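Asker: If it helps, the file is called start_16.cif and holds mmCIF, C-alpha atoms and all ligand atoms:
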data_data
#
loop_
_atom_site.label_atom_id
_atom_site.label_comp_id
_atom_site.auth_asym_id
_atom_site.auth_seq_id
_atom_site.Cartn_x
_atom_site.Cartn_y
_atom_site.Cartn_z
CA MET A 1 107.95 -142.42 138.13
CA THR A 2 107.56 -146.14 137.56
CA ASP A 3 105.61 -148.28 140.04
CA ASP A 4 107.39 -151.61 139.73
CA VAL A 5 110.74 -150.69 141.21
CA SER A 6 111.91 -153.05 143.95
CA ARG A 7 112.13 -150.94 147.07
CA GLU A 8 115.23 -150.98 149.19
CA THR A 9 114.56 -148.29 151.76
CA PRO A 10 117.72 -146.85 153.29
CA SER A 11 117.47 -146.81 157.09
CA VAL A 12 117.15 -143.33 158.56
CA PRO A 13 119.81 -142.44 161.16
CA ASP A 14 118.58 -140.82 164.41
CA VAL A 15 120.55 -137.66 163.70
CA ALA A 16 118.45 -136.97 160.60
CA GLN A 17 115.59 -135.73 162.83
CA GLY A 18 117.79 -132.99 164.28
CA VAL A 19 119.04 -131.97 160.85
CA PHE A 20 115.73 -131.89 158.96
CA LEU A 21 113.21 -131.28 161.78
CA ASP A 22 109.72 -130.93 160.23
CA ALA A 23 111.11 -131.61 156.76
CA LEU A 24 112.27 -135.13 157.70
CA PRO A 25 109.38 -136.93 155.94
CA THR A 26 110.24 -135.09 152.71
CA ALA A 27 113.92 -135.98 153.10
CA VAL A 28 112.95 -139.64 153.66
CA ALA A 29 110.79 -139.57 150.53
CA TYR A 30 113.72 -138.15 148.54
CA ALA A 31 116.09 -140.81 149.91
CA ASP A 32 113.59 -143.48 148.83
CA LEU A 33 113.39 -142.03 145.32
CA LEU A 34 117.19 -141.99 145.06
CA ALA A 35 117.36 -145.59 146.26
CA THR A 36 114.81 -146.76 143.71
CA GLU A 37 114.38 -144.59 140.59
CA GLY A 38 117.79 -142.97 141.08
CA ILE A 39 119.48 -146.35 140.82
CA LEU A 40 117.20 -147.68 138.11
CA ARG A 41 118.03 -144.69 135.94
CA GLY A 42 121.77 -144.87 136.67
CA LEU A 43 121.93 -141.55 138.53
CA ILE A 44 123.57 -143.07 141.57
CA GLY A 45 125.33 -146.40 142.03
CA PRO A 46 123.63 -149.25 143.98
CA ARG A 47 126.54 -149.26 146.43
CA GLU A 48 125.50 -145.77 147.54
CA VAL A 49 122.22 -146.97 149.10
CA PRO A 50 123.60 -147.94 152.53
CA ARG A 51 125.45 -144.62 152.74
CA LEU A 52 122.80 -142.38 151.21
CA TRP A 53 122.19 -140.54 154.47
CA ASP A 54 125.75 -140.26 155.77
CA ARG A 55 127.53 -139.48 152.57
CA HIS A 56 124.86 -137.60 150.66
CA LEU A 57 121.76 -136.25 152.42
CA LEU A 58 123.26 -135.21 155.76
CA ASN A 59 126.48 -133.86 154.24
CA CYS A 60 124.58 -131.78 151.72
CA ALA A 61 121.96 -130.57 154.21
CA VAL A 62 124.44 -128.88 156.53
CA VAL A 63 125.72 -126.65 153.69
CA THR A 64 122.61 -124.55 154.34
CA ASP A 65 124.21 -123.42 157.62
CA ALA A 66 126.36 -121.08 155.48
CA VAL A 67 123.39 -119.68 153.52
CA PRO A 68 121.52 -116.53 154.65
CA LEU A 69 117.75 -116.46 155.15
CA LYS A 70 115.66 -116.26 151.97
CA ALA A 71 118.68 -116.35 149.68
CA SER A 72 118.47 -117.23 146.01
CA VAL A 73 120.76 -120.20 145.38
CA ALA A 74 122.04 -121.81 142.18
CA ASP A 75 123.38 -125.35 142.49
CA ILE A 76 125.68 -126.10 139.57
CA GLY A 77 125.87 -129.64 138.25
CA SER A 78 123.17 -130.97 140.58
CA GLY A 79 123.16 -134.48 139.10
CA ALA A 80 120.50 -136.32 141.09
CA GLY A 81 119.93 -133.20 143.25
CA LEU A 82 123.02 -132.96 145.43
CA PRO A 83 123.40 -130.67 147.25
CA GLY A 84 120.66 -128.35 145.86
CA LEU A 85 117.59 -130.49 146.36
CA VAL A 86 118.53 -131.44 149.89
CA MET A 87 119.15 -127.77 150.69
CA ALA A 88 115.69 -126.91 149.38
CA ILE A 89 114.12 -129.61 151.56
CA ARG A 90 115.89 -128.44 154.72
CA ARG A 91 115.36 -124.73 154.06
CA PRO A 92 111.99 -123.88 152.49
CA ASP A 93 112.89 -120.16 152.78
CA LEU A 94 115.52 -120.55 150.03
CA GLN A 95 114.78 -120.21 146.30
CA ILE A 96 116.90 -122.87 144.63
CA THR A 97 117.75 -123.25 140.96
CA LEU A 98 119.25 -126.60 139.96
CA ILE A 99 121.50 -126.16 136.91
CA GLU A 100 122.27 -129.39 135.09
CA PRO A 101 123.03 -129.99 131.40
CA LEU A 102 121.99 -133.64 131.02
CA LEU A 103 118.38 -134.31 130.03
CA ARG A 104 118.19 -137.66 131.83
CA ARG A 105 119.12 -135.88 135.05
CA THR A 106 116.87 -132.83 134.63
CA THR A 107 113.95 -135.15 133.88
CA PHE A 108 114.58 -136.98 137.15
CA LEU A 109 114.98 -133.69 139.03
CA GLU A 110 111.71 -132.30 137.67
CA GLU A 111 109.88 -135.50 138.60
CA VAL A 112 111.31 -135.46 142.12
CA VAL A 113 110.39 -131.80 142.61
CA GLY A 114 106.82 -132.64 141.53
CA ALA A 115 106.60 -135.80 143.64
CA LEU A 116 107.86 -134.02 146.77
CA GLY A 117 105.77 -130.90 146.14
CA LEU A 118 108.74 -128.54 146.47
CA SER A 119 107.60 -125.06 145.51
CA ASN A 120 111.02 -123.45 146.10
CA VAL A 121 112.94 -125.34 143.40
CA ARG A 122 113.40 -124.60 139.73
CA VAL A 123 115.24 -126.91 137.35
CA ARG A 124 117.20 -125.33 134.53
CA ARG A 125 118.74 -127.50 131.86
CA GLY A 126 122.08 -126.19 130.60
CA ARG A 127 125.68 -125.54 131.49
CA ALA A 128 126.53 -122.93 134.11
CA GLU A 129 128.45 -120.85 131.55
CA GLU A 130 125.30 -120.42 129.47
CA LEU A 131 123.81 -118.33 132.27
CA HIS A 132 126.72 -115.87 132.48
CA GLY A 133 125.29 -112.37 132.02
CA VAL A 134 121.76 -113.83 132.19
CA ALA A 135 121.22 -114.67 135.86
CA ARG A 136 122.77 -113.85 139.25
CA PHE A 137 122.24 -115.43 142.63
CA ASP A 138 123.00 -114.65 146.27
CA VAL A 139 124.76 -117.99 146.62
CA VAL A 140 126.17 -120.55 144.17
CA THR A 141 126.91 -124.10 145.37
CA SER A 142 128.41 -127.24 143.90
CA ARG A 143 129.73 -130.68 144.77
CA ALA A 144 131.94 -132.95 142.66
CA VAL A 145 131.58 -130.95 139.46
CA ALA A 146 135.07 -129.74 138.43
CA PRO A 147 138.47 -128.71 139.80
CA MET A 148 138.44 -125.36 141.62
CA ASP A 149 139.94 -123.24 138.81
CA ARG A 150 137.34 -124.34 136.26
CA LEU A 151 134.58 -124.26 138.86
CA ALA A 152 135.43 -120.69 139.85
CA ARG A 153 135.34 -119.64 136.19
CA TRP A 154 131.89 -121.19 135.78
CA SER A 155 130.45 -120.15 139.15
CA LEU A 156 131.71 -116.68 140.16
CA PRO A 157 130.05 -114.86 137.21
CA LEU A 158 126.73 -116.19 138.56
CA VAL A 159 127.23 -114.71 142.04
CA ARG A 160 125.93 -111.21 142.73
CA SER A 161 128.32 -108.67 144.22
CA GLY A 162 128.52 -109.39 147.96
CA GLY A 163 127.18 -112.91 147.49
CA SER A 164 129.08 -116.13 147.99
CA PHE A 165 130.26 -119.23 146.22
CA LEU A 166 130.27 -122.41 148.36
CA ALA A 167 132.14 -125.40 146.95
CA MET A 168 132.04 -128.73 148.79
CA LYS A 169 135.63 -129.87 148.41
CA GLY A 170 136.51 -132.23 151.27
CA SER A 171 140.16 -132.90 151.97
CA SER A 172 141.36 -131.37 148.69
CA ALA A 173 140.04 -127.89 149.59
CA GLU A 174 143.36 -126.18 150.41
CA THR A 175 145.29 -127.74 147.51
CA GLU A 176 142.60 -126.79 145.02
CA LEU A 177 142.44 -123.25 146.39
CA ALA A 178 146.19 -122.87 146.04
CA THR A 179 146.08 -123.70 142.33
CA ALA A 180 143.01 -121.56 141.58
CA GLY A 181 144.14 -118.27 143.14
CA LYS A 182 144.64 -116.40 139.86
CA VAL A 183 141.30 -117.40 138.39
CA ILE A 184 139.48 -116.53 141.61
CA SER A 185 140.90 -112.99 141.71
CA ARG A 186 140.35 -112.49 137.96
CA GLU A 187 136.66 -113.35 138.57
CA ASN A 188 136.52 -110.85 141.46
CA GLY A 189 136.43 -113.49 144.15
CA ARG A 190 137.89 -113.13 147.64
CA VAL A 191 138.65 -116.36 149.48
CA ILE A 192 137.16 -116.38 152.97
CA GLY A 193 138.48 -119.85 153.83
CA VAL A 194 137.45 -123.43 154.36
CA LEU A 195 134.33 -123.76 156.53
CA GLU A 196 133.72 -126.87 158.61
CA LEU A 197 129.98 -127.43 158.86
CA GLY A 198 127.74 -129.90 160.68
CA ASN A 199 129.98 -130.50 163.70
CA GLU A 200 126.97 -130.93 165.96
CA PHE A 201 125.48 -133.69 163.78
CA LEU A 202 128.23 -135.47 161.88
CA ASP A 203 131.26 -137.55 162.90
CA GLN A 204 133.28 -135.73 160.27
CA PRO A 205 132.37 -132.13 159.47
CA VAL A 206 131.70 -131.13 155.87
CA ARG A 207 134.44 -128.97 154.37
CA VAL A 208 133.23 -126.14 152.16
CA VAL A 209 135.32 -123.50 150.41
CA GLU A 210 133.76 -120.07 150.83
CA ILE A 211 134.56 -117.35 148.30
CA VAL A 212 132.85 -113.96 148.36
CA LYS A 213 132.23 -111.98 145.16
CA LYS A 214 133.63 -108.42 145.45
C1 LIG B 301 130.00 -136.03 139.23
S1 LIG B 301 128.45 -135.26 138.93
C2 LIG B 301 128.06 -134.62 140.54
C3 LIG B 301 126.58 -134.51 140.74
C4 LIG B 301 126.17 -133.97 142.12
N1 LIG B 301 126.61 -132.61 142.30
C5 LIG B 301 126.68 -134.87 143.24
O1 LIG B 301 127.51 -134.42 144.03
O2 LIG B 301 126.24 -136.02 143.32
C6 LIG B 301 128.87 -133.78 138.03
C7 LIG B 301 127.65 -133.11 137.41
O3 LIG B 301 128.04 -131.84 136.86
C8 LIG B 301 127.36 -131.65 135.65
N2 LIG B 301 128.14 -130.66 134.87
C9 LIG B 301 129.28 -130.85 134.19
N3 LIG B 301 129.68 -129.70 133.60
C10 LIG B 301 128.79 -128.75 133.94
C11 LIG B 301 128.64 -127.36 133.64
N4 LIG B 301 129.51 -126.73 132.88
N5 LIG B 301 127.59 -126.69 134.16
C12 LIG B 301 126.68 -127.33 134.95
N6 LIG B 301 126.76 -128.66 135.25
C13 LIG B 301 127.79 -129.35 134.76
C14 LIG B 301 127.31 -133.05 135.04
O4 LIG B 301 126.30 -133.18 134.07
C15 LIG B 301 127.04 -133.92 136.27
O5 LIG B 301 125.66 -134.09 136.51
#
Before anything else, please render the file you have as structure tokens.
Ligand SMILES: C[S@@+](CC[C@H](N)C(=O)[O-])C[C@H]1O[C@@H](n2cnc3c(N)ncnc32)[C@H](O)[C@@H]1O
Answerer:
Amino acid sequence: MTDDVSRETPSVPDVAQGVFLDALPTAVAYADLLATEGILRGLIGPREVPRLWDRHLLNCAVVTDAVPLKASVADIGSGAGLPGLVMAIRRPDLQITLIEPLLRRTTFLEEVVGALGLSNVRVRRGRAEELHGVARFDVVTSRAVAPMDRLARWSLPLVRSGGSFLAMKGSSAETELATAGKVISRENGRVIGVLELGNEFLDQPVRVVEIVKK
């Protein structure tokens, strides 16, 4: 990480303490890295800084409410680490693999993992499809990676039987599910529904599509 980045520290909302508990200092350190190196390297836009907590860290953190204890998790298309890195910070019991094809992004992810001392995160450079038949996880997550049909094709082969696929989809969740039905059943997925997470912390709950692998 470079030393001469001008620091614009995003202010930490009160609710962050309740979400991250003991892990709050690590979450703050990650937010600072996103607001400095993340912007410098073009991984997030400068306009995201004032809404880093609301739109990114808090939203991503509450996805862990749908993840069982000690699960192995693959986050597809992590980009700058969202949601996978935030999930790893909030839940040290999880083993998280961040899957991301772009070198510039995996370099940043590896540096952040080192800087924050996260021992439960592994960074894997490549496309999700390259791991089909190679690796399986209890849970696969993603945010803003692809439309549901393509995402299901990439993600469901990575979920173990009985495990789940959690896609952060916001207001488009139902529409996307309706168009992806065939692909989901072909990949042995069973739609559980759209979860609303984080009600106790957020003004607007986070909407996550949950699909279980048969
Ligand atoms: C719009 S970004 C979203 C990044 C992050 N999930 C977020 O919400 O900020 C989409 C990411 O998906 C990655 N991606 C695209 N196709 C992929 C694939 N087949 N497998 C894994 N990652 C992929 C891209 O490199 C990019 O980093």
Asker: May I have the residues at most 8 Å from (136.6, -120.6, 141.4) in the file's coordinates, counting all atoms listed in the file, as number ranges by chain?
Answerer: A: 148-156, 180, 183-184, 187, 189, 211
Asker: Let me have all residues with an atom within 10 Å of ligand LIG 301 (chain B), counting all atoms listed in the file, laid out as number ranges by chain.
Answerer: A: 43-44, 55-56, 60, 75-84, 98-106, 124-131, 141-146, 150-151, 153-155, 168
Asker: Write the selection just made, keeping C-alpha atoms, as a compact mmCIF listing (two decimals), keeping the file's coordinate frame?
Answerer:
# COMPACT_ATOMS: atom_id res chain seq x y z
CA LEU A 43 121.93 -141.55 138.53
CA ILE A 44 123.57 -143.07 141.57
CA ARG A 55 127.53 -139.48 152.57
CA HIS A 56 124.86 -137.60 150.66
CA CYS A 60 124.58 -131.78 151.72
CA ASP A 75 123.38 -125.35 142.49
CA ILE A 76 125.68 -126.10 139.57
CA GLY A 77 125.87 -129.64 138.25
CA SER A 78 123.17 -130.97 140.58
CA GLY A 79 123.16 -134.48 139.10
CA ALA A 80 120.50 -136.32 141.09
CA GLY A 81 119.93 -133.20 143.25
CA LEU A 82 123.02 -132.96 145.43
CA PRO A 83 123.40 -130.67 147.25
CA GLY A 84 120.66 -128.35 145.86
CA LEU A 98 119.25 -126.60 139.96
CA ILE A 99 121.50 -126.16 136.91
CA GLU A 100 122.27 -129.39 135.09
CA PRO A 101 123.03 -129.99 131.40
CA LEU A 102 121.99 -133.64 131.02
CA LEU A 103 118.38 -134.31 130.03
CA ARG A 104 118.19 -137.66 131.83
CA ARG A 105 119.12 -135.88 135.05
CA THR A 106 116.87 -132.83 134.63
CA ARG A 124 117.20 -125.33 134.53
CA ARG A 125 118.74 -127.50 131.86
CA GLY A 126 122.08 -126.19 130.60
CA ARG A 127 125.68 -125.54 131.49
CA ALA A 128 126.53 -122.93 134.11
CA GLU A 129 128.45 -120.85 131.55
CA GLU A 130 125.30 -120.42 129.47
CA LEU A 131 123.81 -118.33 132.27
CA THR A 141 126.91 -124.10 145.37
CA SER A 142 128.41 -127.24 143.90
CA ARG A 143 129.73 -130.68 144.77
CA ALA A 144 131.94 -132.95 142.66
CA VAL A 145 131.58 -130.95 139.46
CA ALA A 146 135.07 -129.74 138.43
CA ARG A 150 137.34 -124.34 136.26
CA LEU A 151 134.58 -124.26 138.86
CA ARG A 153 135.34 -119.64 136.19
CA TRP A 154 131.89 -121.19 135.78
CA SER A 155 130.45 -120.15 139.15
CA MET A 168 132.04 -128.73 148.79
Asker: To box range 44-61 of chain A, take all atoms listed in the file, fit an axis-aligned box, add 5 Å on each side, and give centre and edge lengths in Å to one decimal, as lines of an AutoDock Vina configuration file.
Answerer:
center_x = 124.6
center_y = -139.9
center_z = 148.7
size_x = 15.8
size_y = 28.7
size_z = 24.2
Asker: When you draw a straight line from CA of Val121 in chain A to CA of Leu94 in chain A, how long is it in Å?
Answerer: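 Answer for the CA of Val121 in chain A to CA of Leu94 in chain A separation: 8.6 Å.
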Asker: Report, in Å with one decimal, the straight-line distance from CA of Asp138 in chain A to CA of Glu210 in chain A.
Answerer: 12.9 Å
Asker: If we count all atoms listed in the file and set the cut-off at 12 Å, which residues sit around Ser119 in chain A, ignoring sequence neighbours fewer than 2 positions away in its own chain? Please answer as a PyMOL selection string.
Answerer: chain A and resi 85+88-89+91-97+110+112-117+121-123
Asker: Return the single residue from A:Ala178, A:Leu52, A:Ala23, A:Val134 that is closest to Thr36 in chain A, with distances computed using only C-alpha atoms.
Answerer: A:Leu52
Asker: Neighbouring residues of Gln204 in chain A were defined as those with any atom within 12 Å, considering all atoms listed in the file; residues of the same chain fewer than 4 positions away were excluded. Please report them as JSON, numbers by chain.
Answerer: {"A": [54, 55, 58, 59, 62, 170, 171, 196, 197, 198, 199, 200]}
Asker: Would you please work out which residue, of A:Val49, A:Leu109, A:Leu33, A:Leu158, is nearest to Ser72 in chain A when using only C-alpha atoms?
Answerer: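 So, comparing all the options, the nearest one is A:Leu158.
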Asker: Please indicate the distance in Å from CA of Val194 in chain A to CA of His132 in chain A, rounded to one decimal place.
Answerer: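 That distance, rounded to one decimal, is 25.5 Å.
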Asker: Would you pull range 78-89 of chain A out of the block just shown and save all heavy atoms as a tab-separated table (two decimals), in the first residue's frame?
Answerer:
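Output contents, as saved in result-v2.tsv:
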chain	number	residue	atom	x	y	z
A	78	SER	N	-15.81	-10.60	-6.37
A	78	SER	CA	-15.71	-9.76	-5.15
A	78	SER	C	-15.36	-8.32	-5.44
A	78	SER	O	-15.64	-7.45	-4.61
A	78	SER	CB	-14.63	-10.31	-4.23
A	78	SER	OG	-15.02	-11.53	-3.71
A	79	GLY	N	-14.70	-8.04	-6.54
A	79	GLY	CA	-14.30	-6.66	-6.83
A	79	GLY	C	-13.34	-6.16	-5.77
A	79	GLY	O	-12.26	-6.71	-5.57
A	80	ALA	N	-13.75	-5.14	-5.03
A	80	ALA	CA	-12.91	-4.60	-3.96
A	80	ALA	C	-13.15	-5.33	-2.63
A	80	ALA	O	-12.66	-4.90	-1.59
A	80	ALA	CB	-13.19	-3.11	-3.80
A	81	GLY	N	-13.95	-6.42	-2.67
A	81	GLY	CA	-14.16	-7.22	-1.45
A	81	GLY	C	-15.59	-7.24	-0.95
A	81	GLY	O	-15.84	-7.58	0.21
A	82	LEU	N	-16.54	-6.93	-1.85
A	82	LEU	CA	-17.93	-6.81	-1.43
A	82	LEU	C	-18.82	-7.87	-2.08
A	82	LEU	O	-18.81	-7.97	-3.32
A	82	LEU	CB	-18.44	-5.41	-1.79
A	82	LEU	CG	-17.61	-4.28	-1.14
A	82	LEU	CD1	-17.83	-2.96	-1.85
A	82	LEU	CD2	-17.95	-4.17	0.34
A	83	PRO	N	-19.51	-8.70	-1.32
A	83	PRO	CA	-19.63	-8.64	0.14
A	83	PRO	C	-18.60	-9.48	0.91
A	83	PRO	O	-18.55	-9.39	2.12
A	83	PRO	CB	-21.03	-9.23	0.38
A	83	PRO	CG	-21.17	-10.29	-0.67
A	83	PRO	CD	-20.46	-9.69	-1.88
A	84	GLY	N	-17.79	-10.32	0.22
A	84	GLY	CA	-17.01	-11.35	0.91
A	84	GLY	C	-16.10	-10.87	2.02
A	84	GLY	O	-16.05	-11.47	3.10
A	85	LEU	N	-15.37	-9.78	1.76
A	85	LEU	CA	-14.42	-9.34	2.78
A	85	LEU	C	-15.12	-8.82	4.04
A	85	LEU	O	-14.68	-9.06	5.16
A	85	LEU	CB	-13.53	-8.24	2.17
A	85	LEU	CG	-12.05	-8.53	2.29
A	85	LEU	CD1	-11.27	-7.87	1.18
A	85	LEU	CD2	-11.54	-8.06	3.62
A	86	VAL	N	-16.22	-8.14	3.81
A	86	VAL	CA	-16.98	-7.61	4.95
A	86	VAL	C	-17.56	-8.77	5.77
A	86	VAL	O	-17.59	-8.74	7.00
A	86	VAL	CB	-18.13	-6.70	4.46
A	86	VAL	CG1	-18.86	-6.09	5.63
A	86	VAL	CG2	-17.59	-5.61	3.56
A	87	MET	N	-18.01	-9.81	5.07
A	87	MET	CA	-18.54	-10.98	5.76
A	87	MET	C	-17.45	-11.63	6.62
A	87	MET	O	-17.69	-12.05	7.74
A	87	MET	CB	-19.10	-11.98	4.73
A	87	MET	CG	-20.31	-11.45	3.98
A	87	MET	SD	-20.83	-12.54	2.64
A	87	MET	CE	-21.50	-13.93	3.57
A	88	ALA	N	-16.25	-11.70	6.07
A	88	ALA	CA	-15.14	-12.30	6.81
A	88	ALA	C	-14.80	-11.48	8.05
A	88	ALA	O	-14.44	-12.03	9.09
A	88	ALA	CB	-13.92	-12.41	5.90
A	89	ILE	N	-14.91	-10.16	7.94
A	89	ILE	CA	-14.61	-9.29	9.09
A	89	ILE	C	-15.67	-9.51	10.18
A	89	ILE	O	-15.35	-9.67	11.36
A	89	ILE	CB	-14.57	-7.81	8.65
A	89	ILE	CG1	-13.37	-7.55	7.75
A	89	ILE	CG2	-14.55	-6.88	9.88
A	89	ILE	CD1	-13.34	-6.18	7.09
